[in-house]
$ cat input_39.txt   # compact mmCIF, C-alpha atoms
# COMPACT_ATOMS: atom_id res chain seq x y z
CA MET T 1127 -157.12 -108.64 -14.84
CA LEU T 1128 -159.58 -110.90 -13.13
CA GLU T 1129 -162.96 -111.61 -14.63
CA TYR T 1130 -165.70 -109.76 -12.83
CA ASN T 1131 -167.93 -112.82 -12.80
CA ASN T 1132 -165.33 -114.42 -10.57
CA ILE T 1133 -167.26 -114.51 -7.30
CA PHE T 1134 -164.18 -113.83 -5.17
CA SER T 1135 -163.16 -110.65 -6.97
CA LEU T 1136 -166.76 -109.48 -7.09
CA SER T 1137 -167.25 -109.84 -3.33
CA ALA T 1138 -163.85 -108.31 -2.64
CA THR T 1139 -164.80 -105.33 -4.83
CA LEU T 1140 -168.08 -104.86 -2.98
CA LEU T 1141 -166.30 -104.99 0.39
CA ILE T 1142 -163.50 -102.62 -0.67
CA GLY T 1143 -166.10 -100.18 -2.05
CA LEU T 1144 -168.11 -100.32 1.18
CA GLY T 1145 -164.87 -99.79 3.12
CA PHE T 1146 -163.94 -96.72 1.06
CA GLY T 1147 -167.43 -95.28 1.53
CA ILE T 1148 -167.33 -95.80 5.30
CA LEU T 1149 -163.81 -94.36 5.64
CA LEU T 1150 -164.57 -91.29 3.51
CA GLN T 1151 -167.78 -90.63 5.44
CA LYS T 1152 -166.36 -91.21 8.93
CA GLY T 1153 -163.20 -89.23 8.24
CA ARG T 1154 -165.04 -86.38 6.46
CA PHE T 1155 -162.25 -87.07 3.96
CA CYS T 1156 -162.43 -84.10 1.67
CA PHE T 1157 -159.65 -83.00 -0.69
CA THR T 1158 -161.23 -79.60 -1.27
CA SER T 1159 -161.28 -78.86 2.44
CA ALA T 1160 -157.78 -80.32 2.86
CA LEU T 1161 -156.45 -77.82 0.33
CA ARG T 1162 -158.82 -74.99 1.22
CA ASP T 1163 -158.13 -75.27 4.96
CA PHE T 1164 -154.42 -75.34 4.24
CA ILE T 1165 -154.52 -72.38 1.84
CA ALA T 1166 -157.04 -70.23 3.67
CA PHE T 1167 -156.61 -71.17 7.33
CA LYS T 1168 -153.16 -72.83 7.53
CA ASP T 1169 -154.92 -75.90 8.92
CA THR T 1170 -153.11 -79.14 8.04
CA ARG T 1171 -155.30 -81.70 9.86
CA VAL T 1172 -157.09 -83.05 6.80
CA LEU T 1173 -154.02 -82.61 4.59
CA ASN T 1174 -151.97 -84.79 6.99
CA GLY T 1175 -154.53 -87.57 6.58
CA VAL T 1176 -154.32 -87.30 2.79
CA ILE T 1177 -150.51 -87.41 2.87
CA ILE T 1178 -150.49 -90.44 5.22
CA GLY T 1179 -152.94 -92.17 2.87
CA ILE T 1180 -150.70 -91.46 -0.12
CA VAL T 1181 -147.57 -92.84 1.59
CA THR T 1182 -149.46 -95.93 2.82
CA MET T 1183 -150.65 -96.59 -0.73
CA MET T 1184 -147.10 -96.07 -2.04
CA LEU T 1185 -145.76 -98.65 0.41
CA GLY T 1186 -148.59 -101.13 -0.13
CA THR T 1187 -148.71 -101.01 -3.93
CA SER T 1188 -144.94 -101.17 -4.36
CA ILE T 1189 -144.76 -104.23 -2.07
CA ALA T 1190 -147.68 -105.82 -3.97
CA TYR T 1191 -145.81 -105.14 -7.20
CA VAL T 1192 -142.55 -106.68 -5.90
CA LEU T 1193 -144.42 -109.75 -4.66
CA GLY T 1194 -145.97 -110.07 -8.11
CA ILE T 1195 -149.55 -110.14 -6.79
CA SER T 1196 -150.83 -106.97 -8.49
CA SER T 1197 -153.30 -107.51 -11.30
CA SER T 1198 -152.20 -104.53 -13.35
CA ASN T 1199 -149.29 -102.16 -13.70
CA PHE T 1200 -149.12 -98.68 -12.17
CA TRP T 1201 -151.36 -96.17 -13.98
CA VAL T 1202 -148.92 -93.65 -15.43
CA SER T 1203 -150.49 -91.06 -17.70
CA ASN T 1204 -148.65 -89.20 -20.44
CA TYR T 1205 -148.07 -85.60 -19.53
CA GLY T 1206 -147.47 -82.04 -20.61
CA LEU T 1207 -149.17 -78.66 -20.16
CA SER T 1208 -152.50 -80.42 -20.64
CA ASN T 1209 -152.33 -81.82 -17.10
CA ILE T 1210 -151.85 -78.46 -15.43
CA ILE T 1211 -154.72 -76.94 -17.42
CA GLY T 1212 -157.02 -79.91 -16.76
CA GLY T 1213 -156.12 -79.90 -13.06
CA PHE T 1214 -156.72 -76.15 -12.84
CA VAL T 1215 -160.16 -76.46 -14.46
CA PHE T 1216 -161.02 -79.39 -12.15
CA GLY T 1217 -159.85 -77.41 -9.08
CA ILE T 1218 -162.13 -74.47 -9.98
CA GLY T 1219 -165.06 -76.87 -10.42
CA MET T 1220 -164.28 -78.56 -7.08
CA VAL T 1221 -164.49 -75.36 -5.05
CA TYR T 1222 -167.48 -73.94 -6.95
CA GLY T 1223 -169.39 -77.24 -6.89
CA GLY T 1224 -168.62 -77.82 -3.21
CA GLY T 1225 -166.58 -81.03 -3.35
CA CYS T 1226 -163.95 -83.11 -5.15
CA ALA T 1227 -164.66 -86.35 -7.02
CA SER T 1228 -164.51 -88.51 -3.87
CA GLY T 1229 -166.24 -85.91 -1.67
CA THR T 1230 -169.10 -85.62 -4.13
CA LEU T 1231 -169.45 -89.39 -4.19
CA TYR T 1232 -169.67 -90.06 -0.44
CA ARG T 1233 -171.94 -87.06 0.10
CA ALA T 1234 -174.28 -88.44 -2.55
CA GLY T 1235 -174.50 -91.42 -0.16
CA GLU T 1236 -175.19 -89.09 2.77
CA GLY T 1237 -178.36 -87.97 0.99
CA TYR T 1238 -177.43 -84.63 -0.57
CA ILE T 1239 -179.52 -83.77 -3.66
CA HIS T 1240 -176.82 -81.14 -4.32
CA TYR T 1241 -174.13 -83.76 -4.89
CA TRP T 1242 -176.38 -86.01 -6.99
CA LEU T 1243 -176.82 -82.98 -9.21
CA VAL T 1244 -173.02 -82.45 -9.29
CA LEU T 1245 -172.56 -86.13 -10.27
CA ILE T 1246 -175.16 -85.98 -13.04
CA SER T 1247 -173.76 -82.67 -14.34
CA ALA T 1248 -170.26 -84.17 -14.46
CA CYS T 1249 -171.69 -87.05 -16.52
CA VAL T 1250 -173.28 -84.54 -18.92
CA GLY T 1251 -169.85 -82.90 -19.06
CA TYR T 1252 -168.29 -86.23 -20.16
CA ILE T 1253 -170.83 -86.62 -22.97
CA ALA T 1254 -170.17 -83.07 -24.20
CA PHE T 1255 -166.42 -83.61 -23.92
CA ALA T 1256 -166.58 -86.88 -25.89
CA ALA T 1257 -168.58 -85.14 -28.63
CA LEU T 1258 -165.99 -82.34 -28.85
CA PHE T 1259 -162.97 -84.66 -28.53
CA PRO T 1260 -162.29 -85.69 -32.18
CA GLU T 1261 -162.61 -82.18 -33.67
CA ILE T 1262 -161.37 -79.95 -30.85
CA PHE T 1263 -159.69 -81.56 -27.82
CA LEU T 1264 -157.61 -84.15 -29.70
CA PRO T 1265 -156.09 -81.86 -32.39
CA TYR T 1266 -155.90 -78.60 -30.41
CA PHE T 1267 -155.36 -79.78 -26.83
CA PHE T 1268 -153.88 -83.26 -26.43
CA VAL T 1269 -151.71 -83.43 -29.57
CA PRO T 1270 -149.87 -80.12 -28.97
CA LEU T 1271 -149.85 -80.24 -25.14
CA GLN T 1272 -149.66 -83.82 -23.90
CA ILE T 1273 -146.24 -84.46 -25.42
CA PHE T 1274 -144.24 -86.52 -22.90
CA ASP T 1275 -144.51 -90.22 -22.25
CA GLY T 1276 -145.66 -91.05 -18.75
CA TYR T 1277 -142.99 -91.44 -16.08
CA SER T 1278 -143.31 -92.64 -12.50
CA VAL T 1279 -140.44 -93.06 -10.01
CA ILE T 1280 -142.14 -96.02 -8.32
CA SER T 1281 -142.82 -97.73 -11.61
CA SER T 1282 -139.31 -97.16 -12.99
CA LEU T 1283 -137.60 -98.50 -9.84
CA GLU T 1284 -139.52 -101.74 -10.34
CA LEU T 1285 -138.29 -104.27 -7.74
CA PHE T 1286 -136.54 -101.56 -5.73
CA SER T 1287 -139.64 -99.35 -5.49
CA PRO T 1288 -140.52 -100.10 -1.80
CA ILE T 1289 -137.26 -98.36 -0.84
CA VAL T 1290 -138.84 -94.96 -1.55
CA PRO T 1291 -141.83 -95.21 0.84
CA VAL T 1292 -139.69 -96.92 3.51
CA LEU T 1293 -137.17 -94.04 3.36
CA LEU T 1294 -140.00 -91.46 3.38
CA ILE T 1295 -141.62 -93.01 6.45
CA PHE T 1296 -138.26 -93.36 8.21
CA ALA T 1297 -137.32 -89.75 7.49
CA SER T 1298 -140.67 -88.34 8.65
CA VAL T 1299 -140.64 -90.39 11.87
CA LEU T 1300 -137.13 -89.11 12.64
CA TYR T 1301 -138.11 -85.52 11.80
CA LEU T 1302 -141.29 -85.60 13.92
CA ARG T 1303 -139.51 -87.23 16.87
CA ASN T 1304 -136.83 -84.57 16.82
CA ARG T 1305 -139.48 -81.86 16.89
CA ASN T 1306 -141.26 -83.73 19.72
CA LYS T 1307 -144.36 -83.97 17.59
CA LEU T 1308 -144.41 -87.74 17.68
CA ILE T 1309 -144.25 -89.65 20.93
CA ILE T 1310 -144.14 -93.31 19.95
CA ASN T 1311 -145.56 -94.75 23.21
CA GLN T 1312 -148.52 -92.39 23.14
CA THR T 1313 -149.27 -93.21 19.51
CA ILE T 1314 -149.24 -96.96 20.20
CA GLN T 1315 -151.40 -96.43 23.29
CA SER T 1316 -153.99 -94.47 21.33
CA LEU T 1317 -154.21 -97.22 18.71
CA LYS T 1318 -155.18 -99.92 21.26
CA LEU T 1319 -158.54 -101.52 20.60
CA SER T 1320 -159.75 -100.91 24.16
CA ASN T 1321 -159.86 -97.21 23.37
CA ILE T 1322 -162.52 -97.74 20.73
CA SER T 1323 -165.79 -97.27 22.57
CA SER T 1324 -169.32 -97.72 21.24
CA ASN T 1325 -169.37 -93.94 20.99
CA SER T 1326 -166.76 -93.99 18.22
CA LEU T 1327 -169.29 -95.66 15.95
CA LYS T 1328 -171.22 -92.40 15.94
CA ALA T 1329 -168.31 -90.00 16.23
CA GLU T 1330 -166.02 -88.76 13.53
CA TRP T 1331 -162.83 -90.77 12.97
CA ASP T 1332 -159.31 -89.39 13.05
CA THR T 1333 -158.24 -88.33 9.55
CA LYS T 1334 -154.80 -89.89 9.96
CA LEU T 1335 -156.26 -93.33 10.76
CA VAL T 1336 -158.70 -92.94 7.87
CA GLY T 1337 -155.70 -92.10 5.65
CA VAL T 1338 -153.98 -95.35 6.63
CA GLY T 1339 -157.23 -97.26 5.96
CA MET T 1340 -157.57 -95.62 2.54
CA GLY T 1341 -153.98 -96.59 1.67
CA VAL T 1342 -154.58 -100.21 2.73
CA LEU T 1343 -157.83 -100.44 0.72
CA ALA T 1344 -156.18 -98.79 -2.31
CA THR T 1345 -153.48 -101.50 -2.08
CA LEU T 1346 -156.07 -104.32 -1.95
CA TRP T 1347 -157.79 -102.69 -4.92
CA PHE T 1348 -154.45 -102.61 -6.77
CA VAL T 1349 -154.14 -106.36 -6.16
CA ILE T 1350 -157.72 -107.11 -7.32
CA TRP T 1351 -158.03 -104.63 -10.18
CA GLY T 1352 -155.63 -101.74 -10.59
CA THR T 1353 -155.17 -98.06 -9.83
CA LEU T 1354 -157.88 -96.42 -7.74
CA SER T 1355 -159.88 -93.86 -9.71
CA VAL T 1356 -163.31 -92.26 -9.45
CA THR T 1357 -164.02 -90.39 -12.66
CA GLY T 1358 -162.85 -93.27 -14.88
CA PRO T 1359 -165.63 -95.65 -13.76
CA GLN T 1360 -168.02 -92.68 -13.58
CA ALA T 1361 -167.34 -91.98 -17.27
CA ARG T 1362 -167.92 -95.66 -18.08
CA TRP T 1363 -171.29 -95.61 -16.30
CA THR T 1364 -172.14 -92.48 -18.30
CA GLY T 1365 -171.21 -94.27 -21.52
CA LEU T 1366 -173.31 -97.32 -20.70
CA VAL T 1367 -176.40 -95.28 -19.79
CA TYR T 1368 -175.87 -93.11 -22.87
CA SER T 1369 -175.68 -96.17 -25.13
CA GLU T 1370 -178.86 -97.59 -23.57
CA LEU T 1371 -180.66 -94.36 -24.46
CA PHE T 1372 -179.17 -93.55 -27.85
CA GLY T 1373 -177.83 -96.86 -29.11
CA ILE T 1374 -174.45 -98.55 -28.94
CA GLU T 1375 -173.40 -96.97 -32.30
CA THR T 1376 -173.06 -93.59 -30.58
CA LEU T 1377 -170.19 -95.08 -28.55
CA GLN T 1378 -168.72 -97.15 -31.40
CA ASN T 1379 -168.64 -94.13 -33.73
CA ASN T 1380 -166.84 -91.86 -31.27
CA ILE T 1381 -163.11 -92.29 -30.82
CA TYR T 1382 -163.17 -90.99 -27.24
CA TRP T 1383 -165.73 -93.51 -26.01
CA ASN T 1384 -164.37 -96.54 -27.87
CA SER T 1385 -160.65 -96.02 -27.35
CA VAL T 1386 -160.16 -93.85 -24.25
CA VAL T 1387 -163.08 -94.50 -21.89
CA PHE T 1388 -163.62 -98.13 -22.88
CA ARG T 1389 -160.01 -98.95 -23.72
CA ASP T 1390 -160.67 -102.51 -24.81
CA GLY T 1391 -163.70 -101.56 -26.91
CA ILE T 1392 -165.96 -103.78 -24.80
CA PHE T 1393 -168.94 -101.86 -23.48
CA SER T 1394 -169.85 -103.80 -20.34
CA ILE T 1395 -169.92 -103.38 -16.57
CA SER T 1396 -166.43 -103.69 -15.10
CA LEU T 1397 -165.29 -104.20 -11.50
CA ASP T 1398 -164.28 -100.57 -11.03
CA MET T 1399 -167.83 -99.53 -11.91
CA ILE T 1400 -169.13 -101.84 -9.19
CA LEU T 1401 -166.64 -100.32 -6.74
CA PHE T 1402 -167.99 -96.86 -7.64
CA MET T 1403 -171.57 -97.84 -6.71
CA SER T 1404 -170.49 -99.80 -3.66
CA LEU T 1405 -168.64 -96.73 -2.36
CA ILE T 1406 -171.82 -94.62 -2.46
CA PHE T 1407 -173.67 -97.39 -0.64
CA GLY T 1408 -170.92 -97.68 2.00
CA ALA T 1409 -171.17 -93.95 2.66
CA PHE T 1410 -174.95 -94.31 2.98
CA ILE T 1411 -174.67 -97.13 5.56
CA SER T 1412 -172.02 -95.24 7.50
CA ALA T 1413 -174.03 -91.99 7.48
CA TYR T 1414 -177.20 -93.82 8.49
CA LEU T 1415 -175.55 -95.57 11.45
CA SER T 1416 -173.83 -92.34 12.57
CA GLY T 1417 -177.01 -90.27 12.49
CA ASP T 1418 -175.64 -88.18 9.61
CA PHE T 1419 -178.01 -89.39 6.90
CA LYS T 1420 -180.72 -87.05 5.72
CA ILE T 1421 -182.29 -86.32 2.35
CA ARG T 1422 -181.00 -82.79 1.98
CA THR T 1423 -182.81 -80.69 -0.57
CA ILE T 1424 -180.92 -78.08 -2.55
CA LYS T 1425 -181.66 -74.37 -2.38
CA THR T 1426 -182.80 -73.01 -5.74
CA SER T 1427 -180.13 -70.33 -5.54
CA ARG T 1428 -177.41 -73.02 -5.32
CA ILE T 1429 -178.51 -75.08 -8.34
CA PRO T 1430 -176.05 -73.16 -10.57
CA ASN T 1431 -173.20 -74.16 -8.21
CA ALA T 1432 -174.03 -77.85 -8.52
CA VAL T 1433 -174.71 -77.79 -12.28
CA ILE T 1434 -171.87 -75.52 -13.38
CA GLY T 1435 -169.44 -76.95 -10.81
CA GLY T 1436 -170.25 -80.47 -11.99
CA LEU T 1437 -169.87 -79.57 -15.68
CA ILE T 1438 -166.50 -77.90 -15.01
CA MET T 1439 -165.33 -80.94 -13.03
CA GLY T 1440 -166.51 -83.21 -15.85
CA PHE T 1441 -164.48 -81.30 -18.44
CA GLY T 1442 -161.46 -80.85 -16.15
CA SER T 1443 -161.23 -84.53 -15.27
CA ARG T 1444 -161.32 -85.50 -18.97
CA MET T 1445 -158.69 -82.88 -19.89
CA ALA T 1446 -156.19 -83.69 -17.12
CA PRO T 1447 -156.95 -86.72 -17.43
CA GLY T 1448 -158.26 -87.98 -14.09
CA CYS T 1449 -159.60 -86.59 -10.85
CA ASN T 1450 -158.12 -85.84 -7.44
CA ILE T 1451 -158.16 -89.56 -6.58
CA SER T 1452 -156.33 -90.87 -9.66
CA ASN T 1453 -153.88 -87.95 -9.72
CA THR T 1454 -153.40 -86.56 -6.22
CA PHE T 1455 -153.98 -89.84 -4.37
CA SER T 1456 -152.84 -92.64 -6.70
CA GLY T 1457 -150.65 -90.39 -8.89
CA LEU T 1458 -148.58 -89.03 -5.99
CA ALA T 1459 -148.41 -92.52 -4.46
CA PHE T 1460 -146.71 -93.69 -7.68
CA LEU T 1461 -144.60 -90.50 -7.80
CA SER T 1462 -145.87 -90.02 -11.34
CA VAL T 1463 -144.98 -86.81 -13.18
CA ALA T 1464 -148.54 -86.51 -14.52
CA GLY T 1465 -149.84 -86.87 -10.94
CA PHE T 1466 -147.58 -84.05 -9.72
CA ILE T 1467 -148.39 -81.69 -12.59
CA THR T 1468 -152.13 -82.31 -12.38
CA SER T 1469 -152.06 -81.86 -8.59
CA LEU T 1470 -150.20 -78.57 -9.03
CA GLY T 1471 -152.87 -77.37 -11.49
CA LEU T 1472 -155.56 -78.53 -9.09
CA LEU T 1473 -153.94 -76.63 -6.22
CA LEU T 1474 -153.80 -73.47 -8.35
CA GLY T 1475 -157.45 -73.90 -9.32
CA VAL T 1476 -158.51 -74.36 -5.68
CA TYR T 1477 -156.40 -71.32 -4.70
CA VAL T 1478 -157.91 -69.04 -7.34
CA ALA T 1479 -161.50 -70.23 -6.79
CA THR T 1480 -161.22 -70.02 -2.99
CA HIS T 1481 -159.94 -66.45 -3.24
CA TRP T 1482 -162.75 -65.53 -5.56
CA MET T 1483 -165.46 -67.10 -3.38
CA PHE T 1484 -164.10 -65.59 -0.15
CA ARG T 1485 -163.56 -62.18 -1.80
CA LYS T 1486 -166.16 -60.48 0.42
CA SER T 1487 -165.64 -62.25 3.74
CA GLY T 1488 -161.85 -62.09 3.43
CA CYS T 1489 -159.49 -64.96 2.77
CA ALA T 1490 -157.02 -65.56 5.59
CA ILE T 1491 -153.89 -65.57 3.45
CA MET P 1485 -160.12 -72.10 20.28
CA GLU P 1486 -161.41 -74.90 22.53
CA GLU P 1487 -164.33 -77.23 22.04
CA ARG P 1488 -167.15 -77.26 24.62
CA THR P 1489 -169.71 -80.03 24.89
CA VAL P 1490 -173.22 -78.72 24.45
CA ASN P 1491 -176.26 -80.73 25.54
CA ASP P 1492 -179.95 -79.99 24.85
CA GLU P 1493 -180.40 -77.90 28.01
CA ASP P 1494 -177.27 -75.82 27.42
CA LEU P 1495 -178.45 -75.16 23.90
CA LYS P 1496 -181.84 -73.78 25.04
CA GLU P 1497 -180.12 -71.32 27.32
CA ILE P 1498 -177.50 -70.34 24.74
CA GLU P 1499 -180.07 -69.75 22.02
CA GLN P 1500 -181.94 -67.16 24.09
CA ASN P 1501 -179.09 -64.69 23.78
CA ALA P 1502 -177.47 -65.76 20.54
CA VAL P 1503 -177.57 -64.56 16.95
CA MET P 1504 -179.28 -67.40 15.07
CA ILE P 1505 -178.38 -68.14 11.46
CA ASP P 1506 -180.19 -70.75 9.40
CA MET P 1507 -177.82 -72.31 6.87
CA GLU P 1508 -179.86 -75.42 6.15
CA GLY P 1509 -179.48 -76.56 2.55
CA GLU P 1510 -176.12 -74.82 2.11
CA VAL P 1511 -172.87 -76.70 1.42
CA CYS P 1512 -169.20 -75.67 1.50
CA PRO P 1513 -167.89 -73.08 1.33
CA TYR P 1514 -171.02 -70.99 2.04
CA PRO P 1515 -171.43 -71.89 5.74
CA GLN P 1516 -167.82 -70.77 6.31
CA ILE P 1517 -168.28 -67.56 4.31
CA ILE P 1518 -171.46 -66.60 6.22
CA ALA P 1519 -169.90 -67.58 9.57
CA ARG P 1520 -166.95 -65.27 8.89
CA GLU P 1521 -169.24 -62.40 7.95
CA GLU P 1522 -171.56 -62.85 10.96
CA ILE P 1523 -168.82 -63.24 13.56
CA LYS P 1524 -167.34 -59.92 12.45
CA LYS P 1525 -170.69 -58.15 12.92
CA ILE P 1526 -171.24 -59.04 16.58
CA GLU P 1527 -169.63 -57.68 19.74
CA SER P 1528 -166.98 -59.44 21.78
CA GLY P 1529 -168.35 -62.14 24.12
CA LYS P 1530 -171.53 -62.64 22.06
CA ILE P 1531 -172.61 -65.94 20.57
CA VAL P 1532 -173.51 -67.03 17.04
CA VAL P 1533 -175.49 -70.25 16.50
CA ILE P 1534 -175.43 -71.68 13.00
CA LYS P 1535 -178.10 -74.22 12.13
CA THR P 1536 -176.89 -76.52 9.36
CA ASP P 1537 -177.49 -79.93 7.81
CA HIS P 1538 -174.08 -80.04 6.13
CA VAL P 1539 -171.91 -82.64 7.91
CA MET P 1540 -168.64 -81.06 6.78
CA ALA P 1541 -169.67 -77.67 8.20
CA THR P 1542 -169.32 -79.01 11.76
CA LYS P 1543 -165.60 -79.25 11.06
CA ALA P 1544 -165.02 -76.49 8.54
CA VAL P 1545 -166.99 -73.66 10.18
CA PRO P 1546 -165.16 -73.56 13.56
CA GLN P 1547 -161.86 -73.75 11.69
CA SER P 1548 -162.79 -70.88 9.38
CA VAL P 1549 -163.39 -68.50 12.33
CA SER P 1550 -160.72 -69.85 14.69
CA ASN P 1551 -159.03 -66.45 14.99
CA ASP P 1552 -162.15 -64.68 16.25
CA VAL P 1553 -163.62 -67.40 18.45
CA SER P 1554 -162.63 -68.48 21.97
CA TYR P 1555 -164.90 -71.55 22.25
CA PHE P 1556 -167.04 -73.56 19.89
CA GLY P 1557 -169.58 -76.32 20.39
CA ILE P 1558 -171.32 -78.81 18.11
CA TRP P 1559 -174.82 -80.03 18.86
CA LYS P 1560 -176.04 -83.07 16.91
CA SER P 1561 -179.70 -83.99 16.42
CA GLY P 1562 -178.92 -87.57 15.39
CA SER P 1563 -180.94 -87.15 12.22
CA GLY P 1564 -178.55 -85.13 10.08
CA GLN P 1565 -179.03 -81.72 11.68
CA TYR P 1566 -176.43 -79.78 13.60
CA LYS P 1567 -176.00 -76.53 15.46
CA ILE P 1568 -172.60 -74.90 15.55
CA ILE P 1569 -172.17 -72.58 18.52
CA LEU P 1570 -169.45 -69.93 18.31
CA TRP P 1571 -168.35 -67.75 21.23
CA LYS P 1572 -166.68 -64.59 19.96
CA LYS P 1573 -163.41 -63.59 21.65
$ encode --input "input_39.txt" --output "structure tokens"
Amino acid sequence: MLEYNNIFSLSATLLIGLGFGILLQKGRFCFTSALRDFIAFKDTRVLNGVIIGIVTMMLGTSIAYVLGISSSNFWVSNYGLSNIIGGFVFGIGMVYGGGCASGTLYRAGEGYIHYWLVLISACVGYIAFAALFPEIFLPYFFVPLQIFDGYSVISSLELFSPIVPVLLIFASVLYLRNRNKLIINQTIQSLKLSNISSNSLKAEWDTKLVGVGMGVLATLWFVIWGTLSVTGPQARWTGLVYSELFGIETLQNNIYWNSVVFRDGIFSISLDMILFMSLIFGAFISAYLSGDFKIRTIKTSRIPNAVIGGLIMGFGSRMAPGCNISNTFSGLAFLSVAGFITSLGLLLGVYVATHWMFRKSGCAI
Amino acid sequence: MEERTVNDEDLKEIEQNAVMIDMEGEVCPYPQIIAREEIKKIESGKIVVIKTDHVMATKAVPQSVSNDVSYFGIWKSGSGQYKIILWKK
């Protein structure tokens, strides 16, 4: 891992964070709506973008790994029933709170008080979780449920890992061409720079292109730092603020803070925490330039959604462990078992919560 | 369901005969839920205009009512406010 005082890695982190913020904002890149639209309305537009992003990241990170330029190994969490339960809880929180981990983050940059409240509530959730961890979650949740050592296809193939994404891309191009859904000449034509007018600065960007951009940035991030995650650095910010308020001993005396959240036991600002902040700022700049920025107040009647949704997401992301970005995005890109199980739980949670919320207006399933 | 471009003048005319719903301050999935409820209430050929400041709603709302709507339009203020116009089939 590079030192964060290294000026190169610091500037790269700031730029990658800005890039993520801009892409998420311009693509309206929302995991909740990707899953909800797919479940409720059979709409795959956003989901396609997410899948393209995952495959791009798989290709990029495996090549970076083979070339030996990655600064860390693939993040492969241990797994068991704990992942499906954590993912399920997180999925419920996502739908009820109105956004996933990444959606909440870029919308905070767009000026929503609602999503700032979700973010803060999730942080409160982390503090509560850490307090309950030694007595409750460790002995009764992780020890009996998280029983298998982490496994990832990409990681286990080591130098042969790029074969998987290359085969996946090859197979999907063949499949789409056969179904006449992909006309190569047209696709190349549409990608030409001359087609990008000044209007596209204000307009929404195609989710598929945003997906490719996300995959490329996630690869650069893998080279500079490691696996892309949102709730990890969010938990570390929570810990640092908490220790400023209540003293560093509160972190040192709690096994969750000093061995899980801050793995090395050093309580300082790390590059991923800078990326987290930079992402919010990137979304702000993008929203401002597109005419989408506005300080949006929250309706009193929706405060429970933000607070309870945020708390549920906070607990879910600690139980899984990880959010939609580290599991569904990075986890699936590494073909990690934990990523698949957590994503399955998340899908179930989104399914159940969507059905419950649309119970009166009718869910189109 | 096709998209129609809606400029300021079109909007004035449309709003005179449309059912107006103010969803400002609401985020997903409430704009979709209300849109689904409102579009069911009105007669065929009528128009619903949803006023919102939720960016995602401009995408999610038309999609959520795609079965009942023949055209939709998005009007943008340029300062974070939008109107979603839905023409019922």
$ residues_near_point --input "input_39.txt" --point "(-144.3, -99.4, -6.1)" --cutoff "6 Å" --atoms "all atoms listed in the file" --output "ChimeraX atom specification"
/T:1184,1187-1188,1280-1281,1287-1288
$ interface_residues --input "input_39.txt" --of "chain T" --to "chain P" --cutoff "6 Å" --atoms "only C-alpha atoms" --output "list in words"
Gly1224, Gly1417, Asp1418, Phe1419, Lys1420, Ile1424, Lys1425 and Ser1487 of chain T
$ atom_distance --input "input_39.txt" --atom1 "atom CA of Leu1473 of chain T" --atom2 "atom CA of Cys1249 of chain T"
23.0 Å
$ closest_residue --input "input_39.txt" --among "P:Ile1531, P:Pro1515, P:Ile1558, P:Trp1571" --to "Val1503 of chain P" --atoms "all atoms listed in the file"
P:Ile1531
$ residues_near_point --input "input_39.txt" --point "(-162.5, -104.4, -10.0)" --cutoff "7 Å" --atoms "all atoms listed in the file" --output "list in words"
Tyr1130, Ser1135, Thr1139, Ile1350, Trp1351, Ser1396, Leu1397, Asp1398 and Leu1401 of chain T
$ closest_residue --input "input_39.txt" --among "T:Gly1186, T:Pro1260, T:Gly1153, T:Pro1430" --to "Leu1346 of chain T" --atoms "all atoms listed in the file"
T:Gly1186
$ closest_residue --input "input_39.txt" --among "T:Met1220, T:Ile1374, T:Ala1166, T:Ile1406" --to "Gly1391 of chain T" --atoms "only C-alpha atoms"
T:Ile1374
